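To start, the structure under review is shown below, and the notes come after it.
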Amino acid sequence: MRLYSDDDVRRTNLVWHGPTGWTLPWSARYLAYVTGLCVFVAILLIEAVTPIPSSYIPVWEVSITVLVTTALMMLVDHDRPLPSVLRDFVTELRGPRDRNHETCYQPRMHKVRVRGTDA
Amino acid sequence: MRKHRRDRAHTTPLRLNVREINDSLTFTQGTVTCWYLLSPQRWSFRSDAQRTDLILHTARRLAALVGHRIHVRVTSRPYQARAWAENLDRITRQGGAPLPGVDGNTWGTHLMAAQERLRHATLSDKEVYVGVDVGMRGKAANLAEHLRLGVTSKELHRFRARQARIGEIMGGAGFEGRPATPDEIEWLMHRSVALGLPSPMTLSPVEHGVWERDDLAAFSDTVRHVAKPYGKTVRVVATRGGKDIERHVAVLTMGRMDSFTIPESGHDPWIQHTDRLSFPVEWSATFDMLSGNHARGEINRSLLKIRDQQRHYRDHDMDEPLDLARKADRARKIEDQMTEGDTVSAARAHGWWRIAVSGRDEDECLERVRAVQDLYESMHMSVEHPAAQHALVREFIPGEPVGSTAHKRRLECRYAAAGLPNVTANVGDRRGPYTGYTCGTSRNAFMFDPHYGPEVHEASGLVPIVGGLGAGKSVLLGTLAYESTRRGIVSTILDPSGPLARLTHLPEIAEHAEHIDLMRAAPGTLNPYSVIPEPLPGQYASTDELAEAKAEAEANRKMLATDVVRMLLPPQIDAMPQTAVVVADAVRANGGTWQANLWGLIAELDKHDNEHGFTIANYLRDMNELPQARLFFGGPSHQRRDSEATLLVLTMAGLNLPDSSVDRHQWTTGERMAVPLLHLATYYATRRVYGRGMQQRKFIGLDEAGQMGAWGSGRALFTRLARDTRKWNTAAVVSSQDPGDVLGLKVANFISTAFVGRIEDHDVAAEALRLLRVPTGVNYESVLAGLSPHVSGGRGSRAGREFVVKDVEGNVEKVRIDLTHNPSLLSALDTTARLDDRQEVEVA
């Protein structure tokens, strides 16, 4: 009996080569462009609210955007979509921390009521 | 210690989502889940058709649960060694007192040594819990929960109705699940909170063998989970008796899972595959069962994306990647399967399958992580080590949310079913002495009581052991005899080659053991008429039964005398047609009483009308001149008293048995003499079965029994023995090198349990598989050839030998005999020649 997983079908690399007739010299996922745009806007916002000097030609901004987006895209794949990567990040952040910066919690069983025929 | 205090000072209490356990239901703030405990299923030594059926049955159960979220938890419960030992002691005393033993090795210490072994060998029972979400709790229920009113009877009644329907599905073939009890769910919760830590029962011996609720709570409430940001492992720490116990736990998740073929490929079920690891792991799976219609939307969207990409590549005049066309084709097939396929093939399981690995420190834990990843590489499956470890550890606790949405798997229902978490190695009676452990699909304790068949299943007590040279037959036979003797069971071993006589020198049983070398026994000891005991009146319910038994005994004596005479004759004389007539006449005239002897038979031959009788008589007189012939010529004037020793070992030093492959015409006189000697010795050994009460337990071990099948009297003995083992509560363990010999005894229908050791010859292995009632021609022959692989360095004999065992319930598994808890027995039974031994011989 041959058994298949449906994951293979979902594991398609959706890339954008540019507008029709204008093929870009690089290949990147649609998601990378969207993420890159968000990162770029975020950088501009940071520059706007902080006293970091900015120029009219955003060379550094674009460079940082490319680096950050590339780094993010290394974490994101079909098995780890962007929402799950962000959720994992938040999970790691939200864990209670001790003085040693370790998450430390104590599951408490004693508040669970147990009822039943042999309890 | 300072670190430990610091952990405690900053520990955040975490209230678990489960608010109430009510019978088999768990209630969280939002959902209600019904928990079932699955029955173990067999996988080893089954035909492909049976295995396919098992997968399909499981798939049907899952497909029937479409619309529900399912939680699977695979955990283990330590073998309840103390309860087992108490039960064994009780069962033993039902049949009589066990042998007291000697100081330092009493019956009690013997049981304790086995219990220690069970604990240290981490032998445990696998438990598979399946939770099915049966519905959401309403707002009123949530309000009641906030007011700490608990679950109302109205709410409970609502879920009970759904539970009944799901119970029917879970009880079907493949799962054979039963509702879990509150105690079992609570145990699972405690086990999950303390994930990776040794089970409470292995931490300290409890007086009564069972942990009470307060004990468990006291243990679990000290558990703390400590994790570093993006750490590879989580530290799970518990305080017990003022001491911290710590384990590092890593949770892995199933990554890419390629297509695979089962069962034809010979792969294990993919979840059960981790049972092959040398360390325990736990599984937690959470998945939604979707019908084809519900899962189709996602596949359609994927197909549209693939088509769009194909167009995009064409627009740019570029070659599209080859996998796009393949994926489009696959997506269409899946979509077709979902719309046109039957319920099982259309259903899908979407969710997360996690594995928890633990180690004493982080290095050991990560080493084990790599071992798990390597294990699945052979099945073309990847196992990922994701982030958010502390949330994933929490996910193992029933009722807790999914820790990370990454690595979500979308499997067809049959793929999910082919994981078969409830497959395990299940063999043995769980009540007898500890004999070894299973070493095939998983590692479980193997207990074997040879009297389990006759006493519980009303089955025969005939147990054949077959295997080639060095397969470990003698060690196994000796082990079974030793355990029986320690339990006070009257045991007799016939071991022609003699090494098992060393058992009688073991201090703990020496006082109750006797060794008789039959070759040096008194003349007439093996008289063919007296080796068959006379039935005694007290053993039968009525005089008719007694008369019938006496007539049968006389007929058997005559048959045995006929065979012995013919065995002694040269084959040319035996083959003459008049020989059978003349010998039969003389045997008839000599009678079949226990007082008769071969001299009487010779006198009848002398008196026979046919001259051939005189010729045969002369040949028999010639044989009488051989020294060993005195054992069966001559006869007793009184009924022989059998040995009163608990263990009687009969040996036959110097017996020269002929090779079964050599033609009878080419046998030497010594070899011709050896065959009747072995026959008579076997009859002699079985005497002790009939000399005691029918209900009293008896054990008889016969080595080299295969030779008996060639003669009618031998087959008759085994047929009678096989039939009588149940009536006379006897375990008859019969050892032979060739399974064909055992099958030739025509007792296959009586075999309750069978052990098969290493056999390299393919045809012989096929016969052995017939003995085990395992399908032949499907590569199981090579499994027999691969048993007890030779260990380099010459220490092979010390390692436990492996056998394939079929038990009285028909379970078949690979088992390794384990004597590590009894080194003196292991030393006594070790028959392998070593350089030291040879040097000693040379010096002597």
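Each chain in the structure tokens gets a letter, A, B and so on, in the order shown; residues start at 1 in every chain, and ligands are counted from 1 in the order they appear.
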What's around Thr69 (chain A) at 9 Å? Count only C-alpha atoms, leave out sequence neighbours fewer than 4 positions away in its own chain, and write the answer as a ChimeraX atom specification.
/A:32-33,35-36,39,64-65,73-74
Can you tell me, as a VMD selection string, what residues are no more than 12 Å from Ser484 (chain B) when counting only C-alpha atoms, ignoring any on the same chain fewer than 4 positions away?
chain B and resid 88 92 95 to 99 107 432 to 435 448 to 451 477 to 480 488 to 493 509 646 to 648 697 to 701 730 to 733
Residue selection dump (N, CA and C atoms) as a compact mmCIF listing (two decimals), in the first residue's frame:
# COMPACT_ATOMS: atom_id res chain seq x y z
N LEU B 88 3.51 -13.96 41.45
CA LEU B 88 4.26 -15.20 41.16
C LEU B 88 4.41 -16.03 42.44
N THR B 92 2.86 -19.66 42.88
CA THR B 92 3.80 -20.75 43.21
C THR B 92 3.31 -21.51 44.44
N GLY B 95 0.67 -24.24 44.30
CA GLY B 95 1.06 -25.59 43.90
C GLY B 95 1.99 -26.26 44.90
N GLY B 96 2.34 -25.57 45.96
CA GLY B 96 3.26 -26.13 46.95
C GLY B 96 4.31 -25.10 47.30
N ALA B 97 5.07 -25.39 48.35
CA ALA B 97 6.04 -24.41 48.83
C ALA B 97 7.24 -24.35 47.90
N PRO B 98 7.76 -23.15 47.63
CA PRO B 98 8.99 -23.06 46.85
C PRO B 98 10.18 -23.55 47.66
N LEU B 99 11.27 -23.90 46.98
CA LEU B 99 12.47 -24.34 47.72
C LEU B 99 13.00 -23.16 48.53
N TRP B 107 14.42 -17.96 48.30
CA TRP B 107 13.36 -17.72 47.30
C TRP B 107 13.03 -16.23 47.24
N GLY B 432 4.56 -15.72 34.97
CA GLY B 432 5.63 -16.68 35.26
C GLY B 432 6.92 -16.00 35.63
N PRO B 433 8.00 -16.78 35.85
CA PRO B 433 9.30 -16.20 36.17
C PRO B 433 9.80 -15.33 35.03
N TYR B 434 10.59 -14.31 35.39
CA TYR B 434 11.19 -13.43 34.39
C TYR B 434 12.20 -14.23 33.58
N THR B 435 12.00 -14.30 32.28
CA THR B 435 12.84 -15.15 31.43
C THR B 435 13.68 -14.33 30.47
N PHE B 448 7.48 -16.19 31.54
CA PHE B 448 7.00 -17.46 30.99
C PHE B 448 6.83 -18.49 32.09
N ASP B 449 5.58 -18.91 32.24
CA ASP B 449 5.26 -19.99 33.15
C ASP B 449 4.85 -21.19 32.30
N PRO B 450 5.64 -22.24 32.27
CA PRO B 450 5.29 -23.38 31.40
C PRO B 450 3.96 -24.03 31.76
N HIS B 451 3.46 -23.77 32.99
CA HIS B 451 2.18 -24.36 33.40
C HIS B 451 0.98 -23.46 33.11
N LEU B 477 16.54 -24.47 28.18
CA LEU B 477 15.96 -25.64 28.87
C LEU B 477 16.38 -25.64 30.34
N GLY B 478 17.68 -25.37 30.55
CA GLY B 478 18.19 -25.34 31.91
C GLY B 478 17.55 -24.22 32.73
N THR B 479 17.36 -23.06 32.12
CA THR B 479 16.73 -21.93 32.82
C THR B 479 15.31 -22.27 33.25
N LEU B 480 14.56 -22.86 32.32
CA LEU B 480 13.17 -23.20 32.64
C LEU B 480 13.13 -24.25 33.76
N GLY B 488 9.66 -25.20 43.48
CA GLY B 488 9.26 -26.42 44.18
C GLY B 488 8.54 -27.42 43.27
N ILE B 489 8.61 -27.20 41.97
CA ILE B 489 7.93 -28.10 41.03
C ILE B 489 8.85 -29.28 40.75
N VAL B 490 8.29 -30.49 40.82
CA VAL B 490 9.09 -31.69 40.56
C VAL B 490 9.55 -31.66 39.10
N SER B 491 10.86 -31.62 38.91
CA SER B 491 11.39 -31.42 37.56
C SER B 491 12.34 -32.55 37.20
N THR B 492 12.27 -32.97 35.97
CA THR B 492 13.15 -34.02 35.47
C THR B 492 13.72 -33.55 34.14
N ILE B 493 15.03 -33.70 34.01
CA ILE B 493 15.66 -33.33 32.73
C ILE B 493 16.40 -34.55 32.21
N ILE B 509 19.88 -25.14 45.16
CA ILE B 509 18.99 -26.27 44.89
C ILE B 509 19.68 -27.62 45.11
N THR B 646 13.59 -32.95 44.05
CA THR B 646 12.78 -31.99 43.28
C THR B 646 13.30 -31.89 41.85
N LEU B 647 14.62 -31.87 41.74
CA LEU B 647 15.22 -31.83 40.40
C LEU B 647 16.01 -33.11 40.17
N LEU B 648 15.66 -33.81 39.12
CA LEU B 648 16.40 -35.03 38.75
C LEU B 648 16.96 -34.80 37.35
N ARG B 697 2.00 -29.91 39.99
CA ARG B 697 2.77 -29.43 38.84
C ARG B 697 4.01 -30.30 38.64
N LYS B 698 4.27 -30.61 37.38
CA LYS B 698 5.46 -31.37 37.05
C LYS B 698 6.15 -30.72 35.85
N PHE B 699 7.44 -30.86 35.82
CA PHE B 699 8.19 -30.31 34.69
C PHE B 699 9.10 -31.39 34.15
N ILE B 700 9.11 -31.53 32.86
CA ILE B 700 10.00 -32.51 32.26
C ILE B 700 10.70 -31.86 31.06
N GLY B 701 12.00 -32.00 31.00
CA GLY B 701 12.78 -31.43 29.90
C GLY B 701 13.52 -32.54 29.18
N THR B 730 1.41 -30.96 33.49
CA THR B 730 2.84 -31.14 33.26
C THR B 730 3.32 -30.20 32.16
N ALA B 731 4.49 -29.62 32.38
CA ALA B 731 5.14 -28.86 31.32
C ALA B 731 6.20 -29.77 30.72
N ALA B 732 6.08 -30.07 29.45
CA ALA B 732 7.05 -30.94 28.78
C ALA B 732 7.82 -30.11 27.76
N VAL B 733 9.05 -29.80 28.09
CA VAL B 733 9.88 -28.99 27.20
C VAL B 733 10.79 -29.92 26.42
Shortest interatomic distance to Gln106 (chain A) - which of B:Gln572, B:Thr239, B:Asn87, B:Thr222, counting only C-alpha atoms
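Counting only C-alpha atoms, the residue closest to Gln106 (chain A) is B:Thr222.
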Name the residues of chain A that fall into helix (DSSP H, G or I) according to DSSP on the backbone, using the chain letters and numbers of this document, as a VMD selection string.
chain A and resid 7 to 10 30 to 49 59 to 75 82 to 94
Could you jot down the CA of Arg162 (chain B) to CA of Gly135 (chain B) separation for me, Å, one decimal place?
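Those two atoms sit 8.6 Å apart.
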Please provide as a PyMOL selection string all residues within 12 Å of Glu364 (chain B), with the sequence filter that same-chain residues fewer than 3 positions apart are discarded (counting only C-alpha atoms).
chain B and resi 233+247-250+279+357-361+367-371
Near-Arg77 (chain B) list (10 Å; only C-alpha atoms; drop same-chain fewer than 2 positions) as an MDAnalysis selection string:
chainID B and resid 75 79:80 123:127 187:188 191 199:202
Keeping only N, CA and C atoms, write those residues as a short mmCIF file (atom, residue, chain, number, x, y, z; two decimals), in the first residue's frame.
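File written: again_18.cif
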data_model
loop_
_atom_site.label_atom_id
_atom_site.label_comp_id
_atom_site.auth_asym_id
_atom_site.auth_seq_id
_atom_site.Cartn_x
_atom_site.Cartn_y
_atom_site.Cartn_z
N THR B 75 2.76 6.96 26.02
CA THR B 75 3.63 7.06 27.19
C THR B 75 3.94 5.64 27.67
N TYR B 79 7.03 -1.27 34.58
CA TYR B 79 6.52 -2.61 34.86
C TYR B 79 6.34 -2.75 36.37
N GLN B 80 5.16 -3.24 36.75
CA GLN B 80 4.87 -3.31 38.18
C GLN B 80 5.52 -4.56 38.77
N LEU B 123 12.35 -1.75 31.75
CA LEU B 123 11.29 -2.46 31.03
C LEU B 123 9.96 -1.88 31.49
N SER B 124 9.20 -1.44 30.55
CA SER B 124 7.93 -0.81 30.91
C SER B 124 6.87 -1.19 29.89
N ASP B 125 5.63 -0.89 30.24
CA ASP B 125 4.51 -1.18 29.35
C ASP B 125 4.11 0.08 28.62
N LYS B 126 3.99 -0.05 27.31
CA LYS B 126 3.58 1.12 26.52
C LYS B 126 2.07 1.33 26.70
N GLU B 127 1.68 2.59 26.87
CA GLU B 127 0.26 2.91 26.97
C GLU B 127 -0.07 3.97 25.93
N TRP B 187 -3.06 9.80 35.98
CA TRP B 187 -1.68 9.30 35.85
C TRP B 187 -1.02 9.94 34.62
N LEU B 188 -1.78 9.99 33.52
CA LEU B 188 -1.24 10.58 32.28
C LEU B 188 -0.90 12.06 32.49
N ARG B 191 2.22 12.22 34.56
CA ARG B 191 3.34 11.75 33.73
C ARG B 191 3.75 12.86 32.76
N SER B 199 9.57 7.72 36.14
CA SER B 199 8.22 7.56 36.67
C SER B 199 8.28 7.47 38.18
N PRO B 200 7.26 7.95 38.87
CA PRO B 200 7.27 7.90 40.33
C PRO B 200 7.59 6.50 40.84
N MET B 201 7.08 5.48 40.16
CA MET B 201 7.27 4.13 40.69
C MET B 201 8.71 3.65 40.58
N THR B 202 9.49 4.29 39.67
CA THR B 202 10.88 3.86 39.57
C THR B 202 11.77 4.68 40.49
#
Show which residues sit within 10 Å of Asp77 (chain A), as a ChimeraX atom specification. Count only C-alpha atoms, and ignore same-chain residues fewer than 6 positions away.
/A:11,13,85 /B:406-407
For the residues selected in the previous step, produce a file with N, CA, C and O atoms as a short mmCIF file (atom, residue, chain, number, x, y, z; two decimals), in the first residue's frame.
data_model
loop_
_atom_site.label_atom_id
_atom_site.label_comp_id
_atom_site.auth_asym_id
_atom_site.auth_seq_id
_atom_site.Cartn_x
_atom_site.Cartn_y
_atom_site.Cartn_z
N ARG A 11 4.18 22.49 -0.98
CA ARG A 11 5.57 22.94 -0.87
C ARG A 11 6.04 23.58 -2.21
O ARG A 11 7.06 23.20 -2.74
N ASN A 13 7.33 26.71 -4.44
CA ASN A 13 8.02 27.99 -4.28
C ASN A 13 7.36 29.03 -5.16
O ASN A 13 7.49 29.00 -6.38
N VAL A 85 6.38 31.66 12.65
CA VAL A 85 7.69 32.14 13.11
C VAL A 85 7.49 33.29 14.09
O VAL A 85 8.12 33.35 15.15
N ALA B 406 3.99 25.77 13.60
CA ALA B 406 4.92 25.38 12.53
C ALA B 406 4.88 23.86 12.35
O ALA B 406 4.47 23.13 13.24
N HIS B 407 5.32 23.44 11.20
CA HIS B 407 5.43 22.00 10.88
C HIS B 407 4.09 21.27 10.97
O HIS B 407 4.02 20.16 11.47
#
Can you work out the spacing between CA of Arg430 (chain B) and CA of Ala481 (chain B) in Å, to one decimal?
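Separating CA of Arg430 (chain B) from CA of Ala481 (chain B) is a distance of 18.3 Å.
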Would you pick out the contacts of region 342-350 of chain B at 8 Å or less, using only C-alpha atoms, so that residues sharing its chain but fewer than 3 positions from it are not included, and give the list as a PyMOL selection string?
chain B and resi 59-60+63+66+287-292+295+337-339+408-414+416
Filtered DSSP result for chain A, state strand (DSSP E or B), as a list in words:
Arg2, Leu3, Ser5, Val15, Trp16, Ala28, Arg29, Arg97, Thr103, Cys104, Tyr105, Gln106, Pro107, Arg108, Arg113, Val114 and Arg115 of chain A
